[in-house]
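Okay, entry.pdb now, which holds PDB, C-alpha atoms:
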ATOM      1  CA  ALA A 566    -148.701 115.572  30.104
ATOM      2  CA  LYS A 567    -149.520 119.289  30.042
ATOM      3  CA  ARG A 568    -148.096 119.600  26.532
ATOM      4  CA  ASN A 569    -150.351 116.701  25.431
ATOM      5  CA  MET A 570    -153.429 118.435  26.815
ATOM      6  CA  ILE A 571    -152.673 121.764  25.126
ATOM      7  CA  LEU A 572    -151.251 120.678  21.767
ATOM      8  CA  GLY A 573    -152.551 117.122  21.423
ATOM      9  CA  GLU A 574    -150.714 113.811  21.166
ATOM     10  CA  GLN A 575    -150.179 114.104  17.389
ATOM     11  CA  HIS A 576    -148.612 117.596  17.453
ATOM     12  CA  TRP A 577    -144.981 117.573  16.334
ATOM     13  CA  GLU A 578    -143.806 119.297  19.537
ATOM     14  CA  THR A 579    -145.501 116.614  21.638
ATOM     15  CA  ILE A 580    -143.923 113.852  19.545
ATOM     16  CA  SER A 581    -140.496 115.509  19.764
ATOM     17  CA  ALA A 582    -140.755 115.875  23.535
ATOM     18  CA  THR A 583    -141.860 112.252  23.880
ATOM     19  CA  GLU A 584    -138.877 111.065  21.826
ATOM     20  CA  SER A 585    -136.488 113.182  23.896
ATOM     21  CA  LEU A 586    -137.883 111.591  27.031
ATOM     22  CA  ALA A 587    -137.451 108.127  25.507
ATOM     23  CA  GLU A 588    -133.811 108.919  24.727
ATOM     24  CA  ALA A 589    -133.290 110.072  28.321
ATOM     25  CA  PHE A 590    -134.820 106.833  29.623
ATOM     26  CA  THR A 591    -132.504 104.856  27.342
ATOM     27  CA  LYS A 592    -129.439 106.656  28.712
ATOM     28  CA  ASP A 593    -130.632 105.891  32.244
ATOM     29  CA  GLY A 594    -131.124 102.214  31.400
ATOM     30  CA  LYS A 595    -134.905 102.422  31.807
ATOM     31  CA  PHE A 596    -135.534 100.401  28.683
ATOM     32  CA  SER A 597    -139.150  99.359  29.252
ATOM     33  CA  GLU A 598    -140.229 102.995  29.721
ATOM     34  CA  ALA A 599    -138.174 104.061  26.709
ATOM     35  CA  GLU A 600    -139.644 101.338  24.498
ATOM     36  CA  ARG A 601    -143.204 102.292  25.426
ATOM     37  CA  LEU A 602    -142.529 105.920  24.454
ATOM     38  CA  TYR A 603    -140.655 105.048  21.264
ATOM     39  CA  LYS A 604    -143.600 102.941  20.134
ATOM     40  CA  LEU A 605    -145.962 105.880  20.713
ATOM     41  CA  VAL A 606    -143.683 108.183  18.730
ATOM     42  CA  LEU A 607    -143.263 105.673  15.922
ATOM     43  CA  GLU A 608    -146.992 105.116  15.625
ATOM     44  CA  SER A 609    -147.600 108.868  15.341
ATOM     45  CA  GLN A 610    -144.788 109.377  12.847
ATOM     46  CA  LYS A 611    -145.902 106.524  10.602
ATOM     47  CA  SER A 612    -149.450 107.893  10.648
ATOM     48  CA  ASN A 613    -148.506 111.525   9.971
ATOM     49  CA  LEU A 614    -145.219 111.335   8.055
ATOM     50  CA  GLY A 615    -144.984 107.842   6.593
ATOM     51  CA  SER A 616    -142.762 104.859   7.281
ATOM     52  CA  GLU A 617    -139.739 106.168   5.378
ATOM     53  CA  ASP A 618    -139.714 109.800   6.431
ATOM     54  CA  PRO A 619    -136.272 110.727   7.863
ATOM     55  CA  GLU A 620    -137.839 111.484  11.260
ATOM     56  CA  THR A 621    -139.534 108.082  11.370
ATOM     57  CA  LEU A 622    -136.319 106.327  10.379
ATOM     58  CA  HIS A 623    -134.436 108.287  13.045
ATOM     59  CA  THR A 624    -136.793 106.882  15.677
ATOM     60  CA  VAL A 625    -136.284 103.337  14.390
ATOM     61  CA  ALA A 626    -132.514 103.948  14.556
ATOM     62  CA  CYS A 627    -132.874 105.108  18.171
ATOM     63  CA  MET A 628    -134.744 101.896  18.964
ATOM     64  CA  ALA A 629    -131.966  99.893  17.301
ATOM     65  CA  CYS A 630    -129.388 101.728  19.400
ATOM     66  CA  MET A 631    -131.404 100.886  22.511
ATOM     67  CA  ARG A 632    -131.343  97.206  21.514
ATOM     68  CA  THR A 633    -127.530  97.335  21.348
ATOM     69  CA  LYS A 634    -127.429  98.722  24.893
ATOM     70  CA  GLN A 635    -129.534  95.714  25.907
ATOM     71  CA  SER A 636    -127.198  93.386  23.957
ATOM     72  CA  ARG A 637    -130.190  92.308  21.876
ATOM     73  CA  TRP A 638    -128.044  92.103  18.772
ATOM     74  CA  THR A 639    -130.436  90.213  16.485
ATOM     75  CA  ASP A 640    -133.240  92.695  17.165
ATOM     76  CA  ALA A 641    -130.821  95.577  16.625
ATOM     77  CA  ALA A 642    -129.697  94.122  13.285
ATOM     78  CA  ASP A 643    -133.286  93.756  12.097
ATOM     79  CA  LEU A 644    -134.063  97.383  12.961
ATOM     80  CA  TYR A 645    -130.873  98.747  11.428
ATOM     81  CA  LYS A 646    -131.669  96.868   8.208
ATOM     82  CA  ILE A 647    -135.051  98.627   8.085
ATOM     83  CA  VAL A 648    -133.351 101.983   8.626
ATOM     84  CA  LEU A 649    -130.681 101.259   6.033
ATOM     85  CA  GLY A 650    -133.183 100.281   3.362
ATOM     86  CA  GLY A 651    -135.289 103.365   4.040
ATOM     87  CA  ARG A 652    -132.351 105.760   4.087
ATOM     88  CA  LYS A 653    -130.923 104.353   0.854
ATOM     89  CA  ARG A 654    -134.256 104.967  -0.867
ATOM     90  CA  THR A 655    -135.004 108.402   0.617
ATOM     91  CA  LEU A 656    -131.569 109.946   1.254
ATOM     92  CA  GLY A 657    -129.327 108.048  -1.150
ATOM     93  CA  HIS A 658    -126.436 105.649  -0.701
ATOM     94  CA  GLN A 659    -123.844 108.331   0.033
ATOM     95  CA  HIS A 660    -125.760 110.427   2.570
ATOM     96  CA  PRO A 661    -123.858 110.564   5.898
ATOM     97  CA  ASP A 662    -126.860 109.126   7.776
ATOM     98  CA  THR A 663    -126.990 106.171   5.380
ATOM     99  CA  ILE A 664    -123.263 105.512   5.691
ATOM    100  CA  THR A 665    -123.436 105.751   9.492
ATOM    101  CA  THR A 666    -126.228 103.168   9.480
ATOM    102  CA  ILE A 667    -124.047 100.810   7.412
ATOM    103  CA  GLU A 668    -121.312 101.192  10.017
ATOM    104  CA  HIS A 669    -123.712 100.551  12.913
ATOM    105  CA  LEU A 670    -124.971  97.414  11.187
ATOM    106  CA  ALA A 671    -121.369  96.287  10.709
ATOM    107  CA  LEU A 672    -120.723  96.690  14.433
ATOM    108  CA  VAL A 673    -123.801  94.618  15.262
ATOM    109  CA  SER A 674    -122.670  91.970  12.763
ATOM    110  CA  VAL A 675    -119.365  91.706  14.646
ATOM    111  CA  GLU A 676    -121.239  91.155  17.893
ATOM    112  CA  LEU A 677    -123.295  88.427  16.218
ATOM    113  CA  GLY A 678    -120.116  86.760  14.977
ATOM    114  CA  ASN A 679    -120.939  87.457  11.331
ATOM    115  CA  LEU A 680    -117.427  88.676  10.561
ATOM    116  CA  SER A 681    -117.591  88.252   6.786
ATOM    117  CA  GLU A 682    -120.802  90.322   6.676
ATOM    118  CA  ALA A 683    -119.226  92.932   8.960
ATOM    119  CA  ASP A 684    -116.177  93.034   6.694
ATOM    120  CA  GLU A 685    -118.326  93.707   3.646
ATOM    121  CA  LEU A 686    -120.342  96.415   5.418
ATOM    122  CA  TYR A 687    -117.274  98.196   6.781
ATOM    123  CA  ASP A 688    -115.735  98.166   3.290
ATOM    124  CA  GLN A 689    -118.924  99.769   1.925
ATOM    125  CA  ALA A 690    -118.898 102.421   4.636
ATOM    126  CA  LEU A 691    -115.227 103.185   4.051
ATOM    127  CA  LYS A 692    -115.730 103.531   0.299
ATOM    128  CA  TYR A 693    -118.574 106.009   0.809
ATOM    129  CA  PHE A 694    -116.788 107.978   3.549
ATOM    130  CA  VAL A 695    -113.714 108.337   1.314
ATOM    131  CA  SER A 696    -115.951 109.537  -1.532
ATOM    132  CA  VAL A 697    -117.868 112.045   0.634
ATOM    133  CA  PHE A 698    -115.280 113.256   3.164
ATOM    134  CA  GLY A 699    -111.900 112.212   1.767
ATOM    135  CA  GLU A 700    -109.267 109.718   2.907
ATOM    136  CA  SER A 701    -107.903 111.759   5.821
ATOM    137  CA  HIS A 702    -111.169 112.863   7.444
ATOM    138  CA  PRO A 703    -111.480 111.716  11.101
ATOM    139  CA  VAL A 704    -114.742 109.903  10.305
ATOM    140  CA  THR A 705    -113.037 107.984   7.499
ATOM    141  CA  LEU A 706    -110.081 107.143   9.727
ATOM    142  CA  GLY A 707    -112.440 105.958  12.475
ATOM    143  CA  THR A 708    -113.997 103.482  10.076
ATOM    144  CA  MET A 709    -110.549 102.422   8.904
ATOM    145  CA  LYS A 710    -109.617 101.674  12.522
ATOM    146  CA  SER A 711    -112.728  99.522  12.920
ATOM    147  CA  ILE A 712    -111.660  97.556   9.839
ATOM    148  CA  ALA A 713    -108.123  97.215  11.195
ATOM    149  CA  ASP A 714    -109.509  95.916  14.509
ATOM    150  CA  LEU A 715    -111.667  93.412  12.639
ATOM    151  CA  ARG A 716    -108.761  92.262  10.465
ATOM    152  CA  CYS A 717    -106.746  91.643  13.628
ATOM    153  CA  GLU A 718    -109.605  89.620  15.104
ATOM    154  CA  GLN A 719    -109.637  87.582  11.888
ATOM    155  CA  SER A 720    -105.849  87.033  12.223
ATOM    156  CA  GLN A 721    -105.249  89.015   9.041
ATOM    157  CA  PHE A 722    -102.231  90.647  10.646
ATOM    158  CA  PRO A 723    -100.351  92.153   7.662
ATOM    159  CA  ASP A 724    -103.514  93.920   6.451
ATOM    160  CA  SER A 725    -104.339  95.060   9.982
ATOM    161  CA  GLU A 726    -100.867  96.495  10.586
ATOM    162  CA  ARG A 727    -100.959  98.217   7.188
ATOM    163  CA  LEU A 728    -104.227  99.949   8.095
ATOM    164  CA  TYR A 729    -103.008 101.025  11.544
ATOM    165  CA  THR A 730     -99.909 102.513   9.908
ATOM    166  CA  LEU A 731    -102.039 104.406   7.368
ATOM    167  CA  ILE A 732    -104.198 105.791  10.187
ATOM    168  CA  LEU A 733    -101.165 107.025  12.113
ATOM    169  CA  GLN A 734     -99.613 108.584   9.028
ATOM    170  CA  SER A 735    -102.887 110.319   8.126
ATOM    171  CA  TYR A 736    -103.332 111.816  11.582
ATOM    172  CA  GLU A 737     -99.817 113.210  11.484
ATOM    173  CA  LYS A 738    -100.859 115.267   8.447
ATOM    174  CA  ILE A 739    -104.101 116.638   9.940
ATOM    175  CA  GLU A 740    -103.721 120.194  11.203
ATOM    176  CA  SER A 741    -107.363 121.261  11.428
ATOM    177  CA  CYS A 742    -108.336 118.809  14.203
ATOM    178  CA  ASN A 743    -108.180 119.464  17.920
ATOM    179  CA  PRO A 744    -104.621 118.440  18.946
ATOM    180  CA  GLU A 745    -105.936 116.658  22.036
ATOM    181  CA  VAL A 746    -108.348 114.586  19.939
ATOM    182  CA  VAL A 747    -105.574 113.717  17.496
ATOM    183  CA  ALA A 748    -103.246 112.724  20.346
ATOM    184  CA  VAL A 749    -105.839 110.446  21.935
ATOM    185  CA  THR A 750    -106.786 108.859  18.611
ATOM    186  CA  VAL A 751    -103.152 108.239  17.691
ATOM    187  CA  SER A 752    -102.558 106.669  21.099
ATOM    188  CA  LEU A 753    -105.537 104.373  20.610
ATOM    189  CA  ALA A 754    -104.345 103.362  17.144
ATOM    190  CA  GLU A 755    -100.837 102.668  18.461
ATOM    191  CA  LEU A 756    -102.270 100.638  21.339
ATOM    192  CA  SER A 757    -104.481  98.645  18.975
ATOM    193  CA  ARG A 758    -101.524  97.999  16.688
ATOM    194  CA  ASP A 759     -99.370  96.826  19.598
ATOM    195  CA  GLN A 760    -102.180  94.593  20.905
ATOM    196  CA  CYS A 761    -102.556  93.111  17.449
ATOM    197  CA  LYS A 762     -98.826  92.378  17.307
ATOM    198  CA  LEU A 763     -99.025  90.752  20.745
ATOM    199  CA  TYR A 764    -102.018  88.663  19.662
ATOM    200  CA  LYS A 765    -100.099  87.633  16.535
ATOM    201  CA  ALA A 766     -97.087  86.605  18.645
ATOM    202  CA  GLU A 767     -99.301  84.608  21.020
ATOM    203  CA  LYS A 768    -100.964  82.771  18.135
ATOM    204  CA  GLU A 769     -97.606  81.982  16.547
ATOM    205  CA  GLY A 770     -96.386  80.723  19.932
ATOM    206  CA  GLU A 771     -99.431  78.482  20.329
ATOM    207  CA  GLU A 772     -98.942  77.096  16.827
ATOM    208  CA  ALA A 773     -95.264  76.407  17.563
ATOM    209  CA  VAL A 774     -96.148  74.557  20.779
ATOM    210  CA  SER A 775     -98.819  72.521  18.978
ATOM    211  CA  PHE A 776     -96.349  71.654  16.224
ATOM    212  CA  GLY A 777     -93.772  70.594  18.823
ATOM    213  CA  ARG A 778     -96.236  68.170  20.371
ATOM    214  CA  MET A 779     -96.913  66.387  17.111
TER     215      MET A 779
END
Take the structure in the file and give it back as structure tokens.
Amino acid sequence: AKRNMILGEQHWETISATESLAEAFTKDGKFSEAERLYKLVLESQKSNLGSEDPETLHTVACMACMRTKQSRWTDAADLYKIVLGGRKRTLGHQHPDTITTIEHLALVSVELGNLSEADELYDQALKYFVSVFGESHPVTLGTMKSIADLRCEQSQFPDSERLYTLILQSYEKIESCNPEVVAVTVSLAELSRDQCKLYKAEKEGEEAVSFGRM
């Protein structure tokens, strides 16, 4: 409040402080307070910077993230689509922020049950991450794991297992990463692969039982 009185509501420091407070409210689960502040920030940014300024789009992305915490997946998807369109036009298709938005939208699509759309988005993100960071970068491998998880959910087991194996092989070659991070990530990939194999076995068992009843 004091900052508002001294600098004014439209000053960039006031807007930045308001957004930081909104993010803190979001983390604390105080979504109504956060939304009120985000709307104030967004109004100021649109007025002073424009609708597609990176700062404005960052605020919209924060609001989308808040919607995911509320499990308001449709609202989150709508906001991420706005962010994605704006970032493609202002930052380019291969900017890390643009690619990250594609991945976030893919995650929301999974939650909405739009698996084919999620598949397409993850493939886009992976293609761009490989182009920008390389095949063995942790960010690229993280996206690859998301695709492998999705393939398993779609019962595309050979493709899923192939991707998990590639992830494990890639991490074995990485020397620049924190060993603890690598160890945890490898463990997660191995666990996911084993769970996928178990899911595959359960499905095959169910199919065998169903066939036996015919």
Take the PyMOL selection byres ((chain A and resi 675-679) around 12), apply it to the structure above, and return the hits as a PyMOL selection string. chain A and resi 633+636-642+668-674+680-687+711-712+714-716+718-719
Expand the PyMOL selection byres ((chain A and resi 692-694) around 10) into the individual residues it matches in the shown file, reporting them as a ChimeraX atom specification. /A:658-661,663-665,686-691,695-706,708-709
Expressed in Å to a single decimal, how great is the separation between atom CA of Thr583 of chain A and atom CA of Leu602 of chain A?
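Separation between atom CA of Thr583 of chain A and atom CA of Leu602 of chain A: 6.4 Å.
Of note, atom CA of Glu726 of chain A and atom CA of Ala713 of chain A are spaced 7.3 Å apart.
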Item to complete: Write out as a ChimeraX atom specification each polymer residue whose atoms come within 7 Å of segment 611-628 of chain A, counting only C-alpha atoms; drop sequence neighbours fewer than 3 positions from it.
Response: /A:607-608,631-632,644-645,648,651
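Take atom CA of Ser609 of chain A and atom CA of Lys646 of chain A: the distance between them is 21.2 Å.
Nearest to Tyr764 of chain A of all the residues A:Tyr603, A:Tyr736, A:Phe722, A:Phe596 is A:Phe722, based on only C-alpha atoms.
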